[in-house]
file input21.pdb (PDB, C-alpha atoms)
ATOM      1  CA  MET A   9      15.638 -49.930 -25.431  1.00  0.00           C
ATOM      2  CA  PHE A  10      12.089 -48.738 -26.053  1.00  0.00           C
ATOM      3  CA  ARG A  11      11.010 -50.062 -22.669  1.00  0.00           C
ATOM      4  CA  SER A  12      13.767 -48.199 -20.782  1.00  0.00           C
ATOM      5  CA  ALA A  13      12.958 -44.963 -22.621  1.00  0.00           C
ATOM      6  CA  LEU A  14       9.277 -45.377 -21.792  1.00  0.00           C
ATOM      7  CA  ARG A  15      10.054 -46.143 -18.156  1.00  0.00           C
ATOM      8  CA  THR A  16      12.299 -43.059 -17.934  1.00  0.00           C
ATOM      9  CA  SER A  17       9.602 -40.768 -19.328  1.00  0.00           C
ATOM     10  CA  PHE A  18       7.001 -42.098 -16.867  1.00  0.00           C
ATOM     11  CA  THR A  19       9.441 -41.704 -13.991  1.00  0.00           C
ATOM     12  CA  ALA A  20       9.642 -38.013 -14.801  1.00  0.00           C
ATOM     13  CA  LEU A  21       5.852 -37.745 -14.540  1.00  0.00           C
ATOM     14  CA  ARG A  22       5.663 -39.222 -11.054  1.00  0.00           C
ATOM     15  CA  ALA A  23       4.919 -36.906  -8.163  1.00  0.00           C
ATOM     16  CA  PRO A  24       8.101 -35.656  -6.562  1.00  0.00           C
ATOM     17  CA  THR A  25       9.116 -37.249  -3.303  1.00  0.00           C
ATOM     18  CA  ARG A  26       8.839 -35.250  -0.106  1.00  0.00           C
ATOM     19  CA  VAL A  27      11.871 -33.252   0.853  1.00  0.00           C
ATOM     20  CA  SER A  28      12.954 -33.595   4.462  1.00  0.00           C
ATOM     21  CA  ALA A  29      12.934 -30.581   6.752  1.00  0.00           C
ATOM     22  CA  VAL A  30      16.675 -30.970   7.183  1.00  0.00           C
ATOM     23  CA  ALA A  31      17.190 -30.485   3.467  1.00  0.00           C
ATOM     24  CA  LEU A  32      15.116 -27.297   3.503  1.00  0.00           C
ATOM     25  CA  THR A  33      17.224 -25.760   6.245  1.00  0.00           C
ATOM     26  CA  SER A  34      20.583 -26.803   4.875  1.00  0.00           C
ATOM     27  CA  PRO A  35      23.115 -24.031   4.237  1.00  0.00           C
ATOM     28  CA  SER A  36      23.249 -24.934   0.571  1.00  0.00           C
ATOM     29  CA  LEU A  37      19.546 -24.002   0.243  1.00  0.00           C
ATOM     30  CA  ALA A  38      19.765 -20.813   2.307  1.00  0.00           C
ATOM     31  CA  PHE A  39      19.908 -18.798  -0.910  1.00  0.00           C
ATOM     32  CA  ALA A  40      16.388 -19.960  -1.834  1.00  0.00           C
ATOM     33  CA  ARG A  41      14.744 -17.644   0.702  1.00  0.00           C
ATOM     34  CA  ARG A  42      15.522 -13.957   0.542  1.00  0.00           C
ATOM     35  CA  TYR A  43      15.775 -12.040   3.801  1.00  0.00           C
ATOM     36  CA  ILE A  44      15.473  -8.287   4.075  1.00  0.00           C
ATOM     37  CA  THR A  45      17.697  -6.212   6.306  1.00  0.00           C
ATOM     38  CA  GLN A  46      16.451  -4.829   9.607  1.00  0.00           C
ATOM     39  CA  GLU A  47      16.893  -1.330   8.183  1.00  0.00           C
ATOM     40  CA  ALA A  48      14.634  -2.143   5.219  1.00  0.00           C
ATOM     41  CA  ARG A  49      12.109  -3.787   7.559  1.00  0.00           C
ATOM     42  CA  ASN A  50      12.047  -0.643   9.751  1.00  0.00           C
ATOM     43  CA  LYS A  51      11.535   1.605   6.706  1.00  0.00           C
ATOM     44  CA  LEU A  52       8.653  -0.558   5.511  1.00  0.00           C
ATOM     45  CA  GLN A  53       7.088  -0.542   8.979  1.00  0.00           C
ATOM     46  CA  GLN A  54       7.338   3.262   8.991  1.00  0.00           C
ATOM     47  CA  ALA A  55       5.780   3.401   5.517  1.00  0.00           C
ATOM     48  CA  VAL A  56       2.802   1.171   6.369  1.00  0.00           C
ATOM     49  CA  SER A  57       2.211   3.144   9.565  1.00  0.00           C
ATOM     50  CA  SER A  58       2.568   6.582   7.942  1.00  0.00           C
ATOM     51  CA  THR A  59      -1.095   6.979   6.992  1.00  0.00           C
ATOM     52  CA  PRO A  60      -4.252   5.013   7.816  1.00  0.00           C
ATOM     53  CA  VAL A  61      -4.374   3.378   4.351  1.00  0.00           C
ATOM     54  CA  VAL A  62      -1.246   2.343   2.443  1.00  0.00           C
ATOM     55  CA  LEU A  63      -1.321   0.637  -0.932  1.00  0.00           C
ATOM     56  CA  PHE A  64       1.735  -0.857  -2.622  1.00  0.00           C
ATOM     57  CA  MET A  65       0.817  -1.043  -6.280  1.00  0.00           C
ATOM     58  CA  LYS A  66       2.135  -1.081  -9.823  1.00  0.00           C
ATOM     59  CA  GLY A  67       1.838   2.466 -11.124  1.00  0.00           C
ATOM     60  CA  THR A  68      -0.064   5.318  -9.503  1.00  0.00           C
ATOM     61  CA  PRO A  69      -3.762   5.726  -8.659  1.00  0.00           C
ATOM     62  CA  GLU A  70      -4.062   8.050 -11.663  1.00  0.00           C
ATOM     63  CA  ALA A  71      -2.224   5.647 -13.980  1.00  0.00           C
ATOM     64  CA  PRO A  72      -2.218   2.054 -12.668  1.00  0.00           C
ATOM     65  CA  GLN A  73       0.106  -0.240 -14.618  1.00  0.00           C
ATOM     66  CA  CYS A  74      -1.758  -3.473 -13.914  1.00  0.00           C
ATOM     67  CA  GLY A  75      -5.384  -4.546 -13.766  1.00  0.00           C
ATOM     68  CA  PHE A  76      -5.140  -5.773 -10.184  1.00  0.00           C
ATOM     69  CA  SER A  77      -3.722  -2.441  -9.021  1.00  0.00           C
ATOM     70  CA  ARG A  78      -6.478  -0.650 -10.953  1.00  0.00           C
ATOM     71  CA  ALA A  79      -9.129  -2.808  -9.259  1.00  0.00           C
ATOM     72  CA  ALA A  80      -7.667  -2.109  -5.800  1.00  0.00           C
ATOM     73  CA  VAL A  81      -7.699   1.649  -6.423  1.00  0.00           C
ATOM     74  CA  GLN A  82     -11.281   1.470  -7.746  1.00  0.00           C
ATOM     75  CA  VAL A  83     -12.489  -0.467  -4.691  1.00  0.00           C
ATOM     76  CA  LEU A  84     -10.889   2.052  -2.329  1.00  0.00           C
ATOM     77  CA  ASP A  85     -12.425   4.873  -4.377  1.00  0.00           C
ATOM     78  CA  ILE A  86     -15.868   3.244  -4.184  1.00  0.00           C
ATOM     79  CA  HIS A  87     -15.518   3.176  -0.401  1.00  0.00           C
ATOM     80  CA  GLY A  88     -14.697   6.874  -0.336  1.00  0.00           C
ATOM     81  CA  VAL A  89     -11.187   6.631   1.103  1.00  0.00           C
ATOM     82  CA  PRO A  90     -10.026  10.267   1.193  1.00  0.00           C
ATOM     83  CA  PRO A  91      -6.690  10.992  -0.538  1.00  0.00           C
ATOM     84  CA  GLU A  92      -5.246  12.578   2.616  1.00  0.00           C
ATOM     85  CA  LYS A  93      -5.743   9.289   4.483  1.00  0.00           C
ATOM     86  CA  MET A  94      -4.175   7.141   1.765  1.00  0.00           C
ATOM     87  CA  LYS A  95      -0.621   6.818   0.542  1.00  0.00           C
ATOM     88  CA  THR A  96       0.483   4.711  -2.406  1.00  0.00           C
ATOM     89  CA  PHE A  97       3.888   3.378  -3.378  1.00  0.00           C
ATOM     90  CA  ASP A  98       4.762   2.482  -6.964  1.00  0.00           C
ATOM     91  CA  VAL A  99       6.787  -0.738  -6.759  1.00  0.00           C
ATOM     92  CA  LEU A 100       7.760  -0.439 -10.434  1.00  0.00           C
ATOM     93  CA  GLU A 101       9.973   2.540  -9.575  1.00  0.00           C
ATOM     94  CA  ASP A 102      12.067   0.533  -7.111  1.00  0.00           C
ATOM     95  CA  SER A 103      12.809  -3.155  -7.665  1.00  0.00           C
ATOM     96  CA  GLU A 104      14.223  -3.497  -4.141  1.00  0.00           C
ATOM     97  CA  LEU A 105      10.956  -2.180  -2.675  1.00  0.00           C
ATOM     98  CA  ARG A 106       9.053  -4.597  -4.883  1.00  0.00           C
ATOM     99  CA  GLN A 107      10.951  -7.598  -3.482  1.00  0.00           C
ATOM    100  CA  ASN A 108      11.180  -6.338   0.096  1.00  0.00           C
ATOM    101  CA  ILE A 109       7.462  -5.690   0.487  1.00  0.00           C
ATOM    102  CA  LYS A 110       6.729  -9.268  -0.554  1.00  0.00           C
ATOM    103  CA  GLU A 111       9.110 -10.554   2.127  1.00  0.00           C
ATOM    104  CA  PHE A 112       7.819  -8.046   4.705  1.00  0.00           C
ATOM    105  CA  SER A 113       4.205  -9.183   4.338  1.00  0.00           C
ATOM    106  CA  ASP A 114       4.986 -12.765   3.352  1.00  0.00           C
ATOM    107  CA  TRP A 115       2.580 -12.215   0.453  1.00  0.00           C
ATOM    108  CA  PRO A 116       3.809 -12.991  -3.069  1.00  0.00           C
ATOM    109  CA  THR A 117       1.804 -10.537  -5.173  1.00  0.00           C
ATOM    110  CA  ILE A 118       1.215  -6.837  -5.727  1.00  0.00           C
ATOM    111  CA  PRO A 119      -0.966  -4.867  -4.904  1.00  0.00           C
ATOM    112  CA  GLN A 120      -0.834  -5.049  -1.124  1.00  0.00           C
ATOM    113  CA  LEU A 121      -3.125  -3.089   1.183  1.00  0.00           C
ATOM    114  CA  TYR A 122      -2.346  -2.035   4.749  1.00  0.00           C
ATOM    115  CA  VAL A 123      -4.835  -0.381   7.096  1.00  0.00           C
ATOM    116  CA  ASN A 124      -3.499   1.193  10.288  1.00  0.00           C
ATOM    117  CA  GLY A 125      -0.189  -0.590   9.807  1.00  0.00           C
ATOM    118  CA  GLU A 126      -1.692  -4.057   9.440  1.00  0.00           C
ATOM    119  CA  PHE A 127      -1.567  -6.097   6.274  1.00  0.00           C
ATOM    120  CA  VAL A 128      -5.060  -6.687   4.849  1.00  0.00           C
ATOM    121  CA  GLY A 129      -4.267  -8.578   1.648  1.00  0.00           C
ATOM    122  CA  GLY A 130      -4.051  -8.371  -2.090  1.00  0.00           C
ATOM    123  CA  CYS A 131      -6.592  -7.575  -4.765  1.00  0.00           C
ATOM    124  CA  ASP A 132      -8.595 -10.794  -4.401  1.00  0.00           C
ATOM    125  CA  ILE A 133      -9.029 -10.355  -0.647  1.00  0.00           C
ATOM    126  CA  LEU A 134      -9.870  -6.678  -1.086  1.00  0.00           C
ATOM    127  CA  ILE A 135     -12.601  -7.508  -3.617  1.00  0.00           C
ATOM    128  CA  ASN A 136     -14.015 -10.270  -1.391  1.00  0.00           C
ATOM    129  CA  MET A 137     -14.104  -7.890   1.575  1.00  0.00           C
ATOM    130  CA  HIS A 138     -15.820  -5.281  -0.591  1.00  0.00           C
ATOM    131  CA  GLN A 139     -18.474  -7.759  -1.715  1.00  0.00           C
ATOM    132  CA  SER A 140     -19.137  -9.083   1.801  1.00  0.00           C
ATOM    133  CA  GLY A 141     -19.243  -5.654   3.455  1.00  0.00           C
ATOM    134  CA  GLU A 142     -16.187  -6.397   5.611  1.00  0.00           C
ATOM    135  CA  LEU A 143     -14.200  -3.597   3.974  1.00  0.00           C
ATOM    136  CA  ASP A 144     -16.754  -0.992   5.099  1.00  0.00           C
ATOM    137  CA  ASP A 145     -16.511  -2.330   8.647  1.00  0.00           C
ATOM    138  CA  LEU A 146     -12.707  -2.269   8.585  1.00  0.00           C
ATOM    139  CA  LEU A 147     -12.510   1.276   7.198  1.00  0.00           C
ATOM    140  CA  VAL A 148     -15.037   2.568   9.745  1.00  0.00           C
ATOM    141  CA  LYS A 149     -13.291   0.817  12.648  1.00  0.00           C
ATOM    142  CA  ALA A 150      -9.961   2.242  11.474  1.00  0.00           C
ATOM    143  CA  GLY A 151     -11.430   5.762  11.337  1.00  0.00           C
ATOM    144  CA  VAL A 152     -10.760   6.103   7.625  1.00  0.00           C
ATOM    145  CA  VAL A 153     -14.396   6.788   6.751  1.00  0.00           C
ATOM    146  CA  SER A 154     -17.311   7.699   8.990  1.00  0.00           C
ATOM    147  CA  PRO A 155     -20.198   5.253   9.502  1.00  0.00           C
ATOM    148  CA  GLU A 156     -22.423   7.655   7.558  1.00  0.00           C
ATOM    149  CA  GLU A 157     -20.032   7.702   4.596  1.00  0.00           C
ATOM    150  CA  ALA A 158     -19.807   3.915   4.646  1.00  0.00           C
ATOM    151  CA  GLN A 159     -23.605   3.623   4.684  1.00  0.00           C
ATOM    152  CA  GLU A 160     -23.887   6.148   1.844  1.00  0.00           C
ATOM    153  CA  ASN A 161     -21.279   4.292  -0.239  1.00  0.00           C
ATOM    154  CA  THR A 162     -23.055   0.972   0.379  1.00  0.00           C
ATOM    155  CA  SER A 163     -26.432   2.327  -0.670  1.00  0.00           C
ATOM    156  CA  GLN A 164     -24.943   3.949  -3.790  1.00  0.00           C
ATOM    157  CA  ASN A 165     -23.271   0.679  -4.780  1.00  0.00           C
ATOM    158  CA  GLN A 166     -26.490  -1.288  -4.300  1.00  0.00           C
ATOM    159  CA  SER A 167     -28.476   1.161  -6.457  1.00  0.00           C
ATOM    160  CA  GLN A 168     -25.891   0.852  -9.252  1.00  0.00           C
ATOM    161  CA  ASN A 169     -26.072  -2.952  -9.268  1.00  0.00           C
TER     162      ASN A 169
END
call {"tool": "encode", "arguments": {"input": "input21.pdb", "output": "structure tokens"}}
result
Amino acid sequence: MFRSALRTSFTALRAPTRVSAVALTSPSLAFARRYITQEARNKLQQAVSSTPVVLFMKGTPEAPQCGFSRAAVQVLDIHGVPPEKMKTFDVLEDSELRQNIKEFSDWPTIPQLYVNGEFVGGCDILINMHQSGELDDLLVKAGVVSPEEAQENTSQNQSQN
């Protein structure tokens, strides 16, 4: 009896076996992946293309409701993104938007940044791009900030560190 109980508990600890591709596409598992409607997809495409910089976040730039959203807003502020070239969407106000944007970008977390209609990434990618200088390059290439502004922001950040 003890041996069978021990064997059962170790069986539960084993790595799960691989699931075949057929099982993943079976109709009974279709509910596992959520698909957004074409109408919702079109609205999201319009939203991400509406201004040069679009940020889907929790809260607002003035009152972020999560540390990652706050960090994303701070990074964009450091780079001098003008308010007239940036639009934000509070995903906490609309649970459908919150789920749809994750499906739209195929990215599981919020915040999400788009520049000129293209998905850039979440907070971690934004911070890495900021640290490497890639974000300056992207914002200049997209016409969000001028090369002079980018250079000024870079030199100010280096003097603060």
call {"tool": "atom_distance", "arguments": {"input": "input21.pdb", "atom1": "atom CA of Lys95 of chain A", "atom2": "atom CA of Glu70 of chain A"}}
result
12.7 Å
call {"tool": "residues_around", "arguments": {"input": "input21.pdb", "residues": "segment 66-68 of chain A", "least_positions_apart": "2", "cutoff": "8 Å", "atoms": "all atoms listed in the file", "output": "PyMOL selection string"}}
result
chain A and resi 64+70-74+77+96-100+118-119
call {"tool": "closest_residue", "arguments": {"input": "input21.pdb", "among": "A:Asn108, A:His87, A:Leu143, A:Leu121", "to": "Asn50 of chain A", "atoms": "only C-alpha atoms"}}
result
A:Asn108
call {"tool": "closest_residue", "arguments": {"input": "input21.pdb", "among": "A:Thr117, A:Tyr43, A:Ala80, A:Glu157", "to": "Asn136 of chain A", "atoms": "all atoms listed in the file"}}
result
A:Ala80
call {"tool": "resolve_selection", "arguments": {"input": "input21.pdb", "expression": "the PyMOL selection byres ((chain A and resi 122) around 7)", "output": "PyMOL selection string"}}
result
chain A and resi 56+61-63+120-121+123-128
call {"tool": "closest_residue", "arguments": {"input": "input21.pdb", "among": "A:Gly75, A:Ala55, A:Pro60, A:Asp132", "to": "Pro90 of chain A", "atoms": "all atoms listed in the file"}}
result
A:Pro60
call {"tool": "closest_residue", "arguments": {"input": "input21.pdb", "among": "A:Arg49, A:Ser57, A:Gln159, A:Gly141", "to": "Lys93 of chain A", "atoms": "all atoms listed in the file"}}
result
A:Ser57
call {"tool": "resolve_selection", "arguments": {"input": "input21.pdb", "expression": "the PyMOL selection byres ((chain A and resi 144) around 12)", "output": "VMD selection string"}}
result
chain A and resid 83 to 89 134 to 143 145 to 163 165
call {"tool": "resolve_selection", "arguments": {"input": "input21.pdb", "expression": "the PyMOL selection byres ((chain A and resi 104) around 12)", "output": "number ranges by chain"}}
result
A: 42-45, 48-49, 52, 98-103, 105-112
call {"tool": "build_atoms", "arguments": {"input": "input21.pdb", "residues": "segment 99-110 of chain A", "atoms": "all heavy atoms", "output": "CSV table (one decimal), in the frame of the given file"}}
result
chain,number,residue,atom,x,y,z
A,99,VAL,N,5.7,0.2,-6.9
A,99,VAL,CA,6.8,-0.7,-6.8
A,99,VAL,C,7.6,-0.9,-8.1
A,99,VAL,O,8.7,-1.4,-8.1
A,99,VAL,CB,6.3,-2.1,-6.3
A,99,VAL,CG1,5.6,-2.0,-4.9
A,99,VAL,CG2,5.3,-2.7,-7.3
A,100,LEU,N,7.0,-0.4,-9.2
A,100,LEU,CA,7.8,-0.4,-10.4
A,100,LEU,C,8.9,0.5,-10.5
A,100,LEU,O,9.9,0.4,-11.3
A,100,LEU,CB,6.8,-0.2,-11.6
A,100,LEU,CG,5.7,-1.2,-11.8
A,100,LEU,CD1,4.8,-0.8,-13.0
A,100,LEU,CD2,6.3,-2.6,-12.0
A,101,GLU,N,8.9,1.6,-9.6
A,101,GLU,CA,10.0,2.5,-9.6
A,101,GLU,C,11.2,2.0,-8.8
A,101,GLU,O,12.3,2.6,-8.9
A,101,GLU,CB,9.5,3.8,-8.9
A,101,GLU,CG,8.5,4.6,-9.8
A,101,GLU,CD,8.1,5.9,-9.1
A,101,GLU,OE1,8.4,6.1,-7.9
A,101,GLU,OE2,7.4,6.7,-9.7
A,102,ASP,N,11.0,1.0,-8.0
A,102,ASP,CA,12.1,0.5,-7.1
A,102,ASP,C,12.0,-1.0,-7.0
A,102,ASP,O,11.1,-1.5,-6.3
A,102,ASP,CB,11.9,1.2,-5.7
A,102,ASP,CG,13.1,0.9,-4.8
A,102,ASP,OD1,13.9,0.0,-5.1
A,102,ASP,OD2,13.1,1.5,-3.7
A,103,SER,N,12.9,-1.7,-7.7
A,103,SER,CA,12.8,-3.2,-7.7
A,103,SER,C,13.1,-3.7,-6.3
A,103,SER,O,12.6,-4.8,-5.9
A,103,SER,CB,13.8,-3.7,-8.7
A,103,SER,OG,15.1,-3.4,-8.4
A,104,GLU,N,13.9,-3.0,-5.5
A,104,GLU,CA,14.2,-3.5,-4.1
A,104,GLU,C,13.0,-3.4,-3.3
A,104,GLU,O,12.7,-4.3,-2.5
A,104,GLU,CB,15.4,-2.7,-3.5
A,104,GLU,CG,15.9,-3.3,-2.2
A,104,GLU,CD,17.1,-2.5,-1.7
A,104,GLU,OE1,17.8,-1.9,-2.5
A,104,GLU,OE2,17.3,-2.6,-0.5
A,105,LEU,N,12.2,-2.3,-3.4
A,105,LEU,CA,11.0,-2.2,-2.7
A,105,LEU,C,10.0,-3.3,-3.1
A,105,LEU,O,9.3,-3.9,-2.2
A,105,LEU,CB,10.3,-0.8,-2.9
A,105,LEU,CG,8.9,-0.6,-2.4
A,105,LEU,CD1,8.9,-0.7,-0.9
A,105,LEU,CD2,8.3,0.7,-2.9
A,106,ARG,N,10.0,-3.6,-4.4
A,106,ARG,CA,9.1,-4.6,-4.9
A,106,ARG,C,9.3,-6.0,-4.3
A,106,ARG,O,8.4,-6.7,-3.9
A,106,ARG,CB,9.2,-4.7,-6.4
A,106,ARG,CG,8.2,-5.6,-7.1
A,106,ARG,CD,8.4,-5.5,-8.6
A,106,ARG,NE,7.4,-6.4,-9.2
A,106,ARG,CZ,7.3,-6.5,-10.5
A,106,ARG,NH1,8.0,-5.7,-11.3
A,106,ARG,NH2,6.4,-7.3,-11.1
A,107,GLN,N,10.6,-6.3,-4.1
A,107,GLN,CA,11.0,-7.6,-3.5
A,107,GLN,C,10.8,-7.6,-2.0
A,107,GLN,O,10.3,-8.5,-1.4
A,107,GLN,CB,12.4,-8.0,-3.9
A,107,GLN,CG,12.5,-8.4,-5.3
A,107,GLN,CD,11.5,-9.5,-5.7
A,107,GLN,OE1,11.3,-10.5,-5.1
A,107,GLN,NE2,10.9,-9.2,-6.9
A,108,ASN,N,11.2,-6.4,-1.4
A,108,ASN,CA,11.2,-6.3,0.1
A,108,ASN,C,9.8,-6.4,0.6
A,108,ASN,O,9.5,-6.9,1.7
A,108,ASN,CB,11.9,-5.1,0.6
A,108,ASN,CG,13.4,-5.2,0.5
A,108,ASN,OD1,14.0,-6.3,0.3
A,108,ASN,ND2,14.1,-4.1,0.6
A,109,ILE,N,8.8,-5.7,0.0
A,109,ILE,CA,7.5,-5.7,0.5
A,109,ILE,C,6.9,-7.1,0.5
A,109,ILE,O,6.1,-7.4,1.3
A,109,ILE,CB,6.6,-4.7,-0.3
A,109,ILE,CG1,5.3,-4.4,0.5
A,109,ILE,CG2,6.3,-5.1,-1.7
A,109,ILE,CD1,5.5,-3.9,1.9
A,110,LYS,N,7.2,-7.9,-0.5
A,110,LYS,CA,6.7,-9.3,-0.6
A,110,LYS,C,7.3,-10.1,0.6
A,110,LYS,O,6.5,-10.9,1.2
A,110,LYS,CB,7.1,-9.9,-1.9
A,110,LYS,CG,6.4,-9.3,-3.1
A,110,LYS,CD,7.0,-9.9,-4.4
A,110,LYS,CE,6.4,-9.3,-5.6
A,110,LYS,NZ,6.9,-9.9,-6.8
